[in-house]
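final-v4.cif (mmCIF, C-alpha atoms) appears below.
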```
data_upload
#
loop_
_atom_site.group_PDB
_atom_site.id
_atom_site.type_symbol
_atom_site.label_atom_id
_atom_site.label_comp_id
_atom_site.auth_asym_id
_atom_site.auth_seq_id
_atom_site.Cartn_x
_atom_site.Cartn_y
_atom_site.Cartn_z
ATOM 1 C CA MET X 1 249.641 128.880 117.199
ATOM 2 C CA ASP X 2 252.024 128.313 114.313
ATOM 3 C CA GLN X 3 254.393 131.030 113.091
ATOM 4 C CA LYS X 4 252.633 131.656 109.751
ATOM 5 C CA ARG X 5 249.271 132.235 111.484
ATOM 6 C CA LYS X 6 250.949 134.509 114.034
ATOM 7 C CA GLU X 7 252.502 136.581 111.241
ATOM 8 C CA SER X 8 249.197 136.745 109.349
ATOM 9 C CA LEU X 9 247.332 137.940 112.455
ATOM 10 C CA ALA X 10 250.022 140.549 113.149
ATOM 11 C CA ALA X 11 249.706 141.828 109.562
ATOM 12 C CA LEU X 12 245.912 141.906 109.928
ATOM 13 C CA PHE X 13 246.255 143.922 113.125
ATOM 14 C CA GLU X 14 248.486 146.432 111.318
ATOM 15 C CA SER X 15 245.949 146.714 108.487
ATOM 16 C CA ILE X 16 243.074 147.270 110.927
ATOM 17 C CA SER X 17 245.085 149.904 112.789
ATOM 18 C CA ALA X 18 245.882 151.693 109.532
ATOM 19 C CA LEU X 19 242.197 151.609 108.541
ATOM 20 C CA GLU X 20 241.205 152.988 111.967
ATOM 21 C CA ARG X 21 243.626 155.886 111.521
ATOM 22 C CA LYS X 22 242.382 156.532 108.003
ATOM 23 C CA VAL X 23 238.735 156.539 109.126
ATOM 24 C CA ALA X 24 239.561 158.898 112.017
ATOM 25 C CA ASN X 25 241.533 161.231 109.741
ATOM 26 C CA GLU X 26 238.808 161.261 107.090
ATOM 27 C CA TRP X 27 236.147 161.870 109.761
ATOM 28 C CA ASN X 28 238.128 164.786 111.163
ATOM 29 C CA ASN X 29 238.805 166.238 107.708
ATOM 30 C CA HIS X 30 235.176 166.044 106.554
ATOM 31 C CA ASN X 31 233.374 166.643 109.864
ATOM 32 C CA GLU X 32 231.827 170.054 109.334
ATOM 33 C CA LEU X 33 229.367 169.650 112.213
ATOM 34 C CA GLY X 34 231.895 169.073 114.992
ATOM 35 C CA PHE X 35 230.283 165.953 116.436
ATOM 36 C CA SER X 36 231.811 162.578 117.129
ATOM 37 C CA LYS X 37 230.535 159.384 115.555
ATOM 38 C CA SER X 38 228.988 158.553 118.943
ATOM 39 C CA HIS X 39 226.969 161.783 118.878
ATOM 40 C CA ILE X 40 225.628 160.867 115.455
ATOM 41 C CA LEU X 41 224.832 157.317 116.610
ATOM 42 C CA ILE X 42 222.779 158.738 119.489
ATOM 43 C CA LEU X 43 220.823 160.958 117.109
ATOM 44 C CA GLU X 44 220.280 158.024 114.712
ATOM 45 C CA TYR X 45 219.072 155.813 117.561
ATOM 46 C CA LEU X 46 216.632 158.401 118.887
ATOM 47 C CA ALA X 47 215.355 159.238 115.386
ATOM 48 C CA SER X 48 214.650 155.597 114.564
ATOM 49 C CA GLU X 49 213.504 154.278 117.959
ATOM 50 C CA GLY X 50 211.951 157.302 119.670
ATOM 51 C CA PRO X 51 212.636 158.598 123.202
ATOM 52 C CA LYS X 52 214.995 156.437 125.254
ATOM 53 C CA ARG X 53 216.305 156.301 128.774
ATOM 54 C CA PRO X 54 220.027 156.994 129.181
ATOM 55 C CA SER X 55 220.580 153.362 130.184
ATOM 56 C CA ALA X 56 219.120 152.174 126.856
ATOM 57 C CA ILE X 57 221.443 154.534 124.983
ATOM 58 C CA ALA X 58 224.378 153.234 127.033
ATOM 59 C CA ASP X 59 223.459 149.646 126.158
ATOM 60 C CA ARG X 60 223.156 150.470 122.455
ATOM 61 C CA LEU X 61 226.483 152.325 122.292
ATOM 62 C CA LYS X 62 228.275 149.911 124.649
ATOM 63 C CA VAL X 63 229.301 152.730 127.009
ATOM 64 C CA THR X 64 228.528 153.558 130.627
ATOM 65 C CA THR X 65 225.632 155.790 131.643
ATOM 66 C CA GLY X 66 228.308 158.300 132.681
ATOM 67 C CA GLY X 67 229.599 158.177 129.115
ATOM 68 C CA VAL X 68 226.083 158.880 127.863
ATOM 69 C CA THR X 69 225.900 161.905 130.158
ATOM 70 C CA VAL X 70 229.116 163.278 128.674
ATOM 71 C CA LEU X 71 227.941 162.641 125.107
ATOM 72 C CA THR X 72 224.430 164.005 125.569
ATOM 73 C CA THR X 73 225.573 167.209 127.287
ATOM 74 C CA LYS X 74 226.872 168.633 123.995
ATOM 75 C CA LEU X 75 223.708 167.580 122.155
ATOM 76 C CA LEU X 76 221.494 169.080 124.872
ATOM 77 C CA LYS X 77 223.378 172.394 124.835
ATOM 78 C CA SER X 78 223.103 172.519 121.044
ATOM 79 C CA GLY X 79 219.344 171.929 121.193
ATOM 80 C CA PHE X 80 219.519 168.680 119.208
ATOM 81 C CA ILE X 81 218.035 166.531 121.963
ATOM 82 C CA GLU X 82 215.882 167.191 124.985
ATOM 83 C CA LYS X 83 215.626 165.465 128.325
ATOM 84 C CA THR X 84 212.228 165.011 129.951
ATOM 85 C CA GLN X 85 210.914 163.201 132.988
ATOM 86 C CA SER X 86 209.043 159.974 132.363
ATOM 87 C CA GLU X 87 205.303 160.308 132.833
ATOM 88 C CA ASN X 88 205.178 156.886 134.516
ATOM 89 C CA ASP X 89 208.157 157.331 136.842
ATOM 90 C CA ARG X 90 209.184 160.893 137.717
ATOM 91 C CA ARG X 91 212.619 159.654 138.844
ATOM 92 C CA ALA X 92 213.399 158.388 135.347
ATOM 93 C CA SER X 93 214.344 160.651 132.466
ATOM 94 C CA GLN X 94 213.957 160.147 128.752
ATOM 95 C CA ILE X 95 215.971 161.646 125.950
ATOM 96 C CA SER X 96 214.415 162.501 122.612
ATOM 97 C CA ILE X 97 215.609 164.110 119.406
ATOM 98 C CA THR X 98 214.366 167.595 118.508
ATOM 99 C CA ALA X 99 213.458 169.032 115.104
ATOM 100 C CA GLN X 100 216.886 170.721 115.074
ATOM 101 C CA GLY X 101 218.439 167.345 115.856
ATOM 102 C CA LEU X 102 216.647 165.740 112.911
ATOM 103 C CA HIS X 103 217.954 168.520 110.663
ATOM 104 C CA VAL X 104 221.571 168.108 111.801
ATOM 105 C CA LEU X 105 221.212 164.330 111.507
ATOM 106 C CA GLU X 106 220.222 164.728 107.861
ATOM 107 C CA GLN X 107 223.315 166.887 107.298
ATOM 108 C CA SER X 108 225.517 164.322 109.031
ATOM 109 C CA ARG X 109 224.091 161.506 106.888
ATOM 110 C CA LYS X 110 225.294 163.347 103.789
ATOM 111 C CA GLN X 111 228.777 163.721 105.294
ATOM 112 C CA ILE X 112 228.828 160.058 106.304
ATOM 113 C CA ASP X 113 227.718 158.972 102.816
ATOM 114 C CA THR X 114 230.593 160.965 101.314
ATOM 115 C CA LEU X 115 233.057 159.523 103.830
ATOM 116 C CA ILE X 116 231.929 155.925 103.354
ATOM 117 C CA ASN X 117 231.997 156.241 99.588
ATOM 118 C CA HIS X 118 235.505 157.713 99.782
ATOM 119 C CA LEU X 119 236.735 154.913 102.059
ATOM 120 C CA PHE X 120 234.911 151.920 100.581
ATOM 121 C CA GLY X 121 233.511 153.002 97.207
ATOM 122 C CA MET X 122 236.061 150.969 95.288
ATOM 123 C CA LEU X 123 234.771 147.704 96.782
ATOM 124 C CA THR X 124 232.344 145.419 94.979
ATOM 125 C CA GLU X 125 229.035 144.450 96.586
ATOM 126 C CA GLU X 126 230.487 141.006 97.266
ATOM 127 C CA GLU X 127 233.557 142.479 98.980
ATOM 128 C CA ILE X 128 231.374 144.768 101.088
ATOM 129 C CA ASP X 129 229.198 141.836 102.159
ATOM 130 C CA THR X 130 232.290 139.765 102.980
ATOM 131 C CA MET X 131 233.828 142.567 105.069
ATOM 132 C CA ARG X 132 230.574 143.150 106.927
ATOM 133 C CA THR X 133 230.267 139.433 107.655
ATOM 134 C CA ILE X 134 233.850 139.267 108.920
ATOM 135 C CA PHE X 135 233.535 142.436 111.031
ATOM 136 C CA ASN X 136 230.271 141.209 112.554
ATOM 137 C CA LYS X 137 231.863 137.866 113.348
ATOM 138 C CA CYS X 138 234.753 139.600 115.101
ATOM 139 C CA VAL X 139 232.421 141.871 117.068
ATOM 140 C CA HIS X 140 229.962 139.196 118.154
ATOM 141 C CA ASP X 141 232.216 136.160 118.638
ATOM 142 C CA SER X 142 234.916 137.725 120.786
#
```
structure tokens encoding of this file:
Amino acid sequence: MDQKRKESLAALFESISALERKVANEWNNHNELGFSKSHILILEYLASEGPKRPSAIADRLKVTTGGVTVLTTKLLKSGFIEKTQSENDRRASQISITAQGLHVLEQSRKQIDTLINHLFGMLTEEEIDTMRTIFNKCVHDS
């Protein structure tokens, strides 16, 4: 790799790190509900796809089933999800979102909209599309 490319990649890494910190800081400053982004992603997944096994949630979030257990414990205790036994296989459990979970998800969507607009609202549609394309390429081609 030539020196100019190495320097460009190092600068890109610094920019990504700075954006990560900014997103985390903004999330923490505007997070009135006290849930992580992963908690919200679980609620979104269950709201859009219906009841899921913990292994399906783990696959979707790219975490271990143990990680799902840790994440879902807070949601279970808060009453935002419920865990039931599968009717077909009593050994298997399913997790589904509750009415309370749907309500808190709606609140979180408003917070996320505010956050995203604050972070990326200055971008044009073309810039947003370009960033999404680049981010997806990095996620899926690595």
Q: Using only C-alpha atoms, determine which residues lie at most 10 Å from Leu41 of chain X, disregarding the query and same-chain residues fewer than 6 positions distant; provide the list as a ChimeraX atom specification.
A: /X:47,57,60-61,105
Report the residues retrieved by the PyMOL selection byres ((chain X and resi 50) around 12) from the displayed file, expressed as a PDB file with C-alpha atoms, keeping the file's coordinate frame.
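result_32.pdb, written as the output of this step:
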```pdb
ATOM      1  CA  ILE X  42     222.779 158.738 119.489  1.00  0.00           C
ATOM      2  CA  LEU X  43     220.823 160.958 117.109  1.00  0.00           C
ATOM      3  CA  GLU X  44     220.280 158.024 114.712  1.00  0.00           C
ATOM      4  CA  TYR X  45     219.072 155.813 117.561  1.00  0.00           C
ATOM      5  CA  LEU X  46     216.632 158.401 118.887  1.00  0.00           C
ATOM      6  CA  ALA X  47     215.355 159.238 115.386  1.00  0.00           C
ATOM      7  CA  SER X  48     214.650 155.597 114.564  1.00  0.00           C
ATOM      8  CA  GLU X  49     213.504 154.278 117.959  1.00  0.00           C
ATOM      9  CA  PRO X  51     212.636 158.598 123.202  1.00  0.00           C
ATOM     10  CA  LYS X  52     214.995 156.437 125.254  1.00  0.00           C
ATOM     11  CA  ARG X  53     216.305 156.301 128.774  1.00  0.00           C
ATOM     12  CA  ALA X  56     219.120 152.174 126.856  1.00  0.00           C
ATOM     13  CA  ILE X  57     221.443 154.534 124.983  1.00  0.00           C
ATOM     14  CA  ILE X  81     218.035 166.531 121.963  1.00  0.00           C
ATOM     15  CA  GLU X  82     215.882 167.191 124.985  1.00  0.00           C
ATOM     16  CA  GLN X  94     213.957 160.147 128.752  1.00  0.00           C
ATOM     17  CA  ILE X  95     215.971 161.646 125.950  1.00  0.00           C
ATOM     18  CA  SER X  96     214.415 162.501 122.612  1.00  0.00           C
ATOM     19  CA  ILE X  97     215.609 164.110 119.406  1.00  0.00           C
ATOM     20  CA  THR X  98     214.366 167.595 118.508  1.00  0.00           C
ATOM     21  CA  LEU X 102     216.647 165.740 112.911  1.00  0.00           C
TER      22      LEU X 102
END
```
(Q) Here's the selection I'm unsure about, the PyMOL selection byres ((chain X and resi 92) around 12); applied to the file above, which residues does it give, as a PyMOL selection string? (A) chain X and resi 52-56+83-91+93-95
Q.
To one decimal place in Å, what is the distance between atom CA of Leu119 of chain X and atom CA of Ala58 of chain X?
A.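 Atom CA of Leu119 of chain X sits 27.9 Å away from atom CA of Ala58 of chain X.
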Q: Evaluate the PyMOL selection byres ((chain X and resi 110-116) around 9) here and jot the selected residues down as a list of chain:residue names.
A: X:Val23, X:Glu26, X:Trp27, X:His30, X:Asn31, X:Glu32, X:Leu105, X:Glu106, X:Gln107, X:Ser108, X:Arg109, X:Asn117, X:His118, X:Leu119, X:Phe120, X:Gly121
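Coordinates place atom CA of Asn25 of chain X at a distance of 27.2 Å from atom CA of Gly79 of chain X.
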(Q) Give me, as a ChimeraX atom specification, all polymer residues having an atom no more than 12 Å from Val139 of chain X, counting all atoms listed in the file and skipping those fewer than 6 positions away in the same chain. (A) /X:62,132-133
If you keep C-alpha atoms, can you produce a file of those selected residues as a compact mmCIF listing (two decimals), keeping the file's coordinate frame?
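Written out: again32.txt:
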```
# COMPACT_ATOMS: atom_id res chain seq x y z
CA LYS X 62 228.28 149.91 124.65
CA ARG X 132 230.57 143.15 106.93
CA THR X 133 230.27 139.43 107.66
```
Q) What separation in Å, quoted to one decimal, exists between atom CA of Asn136 of chain X and atom CA of Lys4 of chain X? A)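 Spanning atom CA of Asn136 of chain X to atom CA of Lys4 of chain X is a straight-line distance of 24.5 Å.
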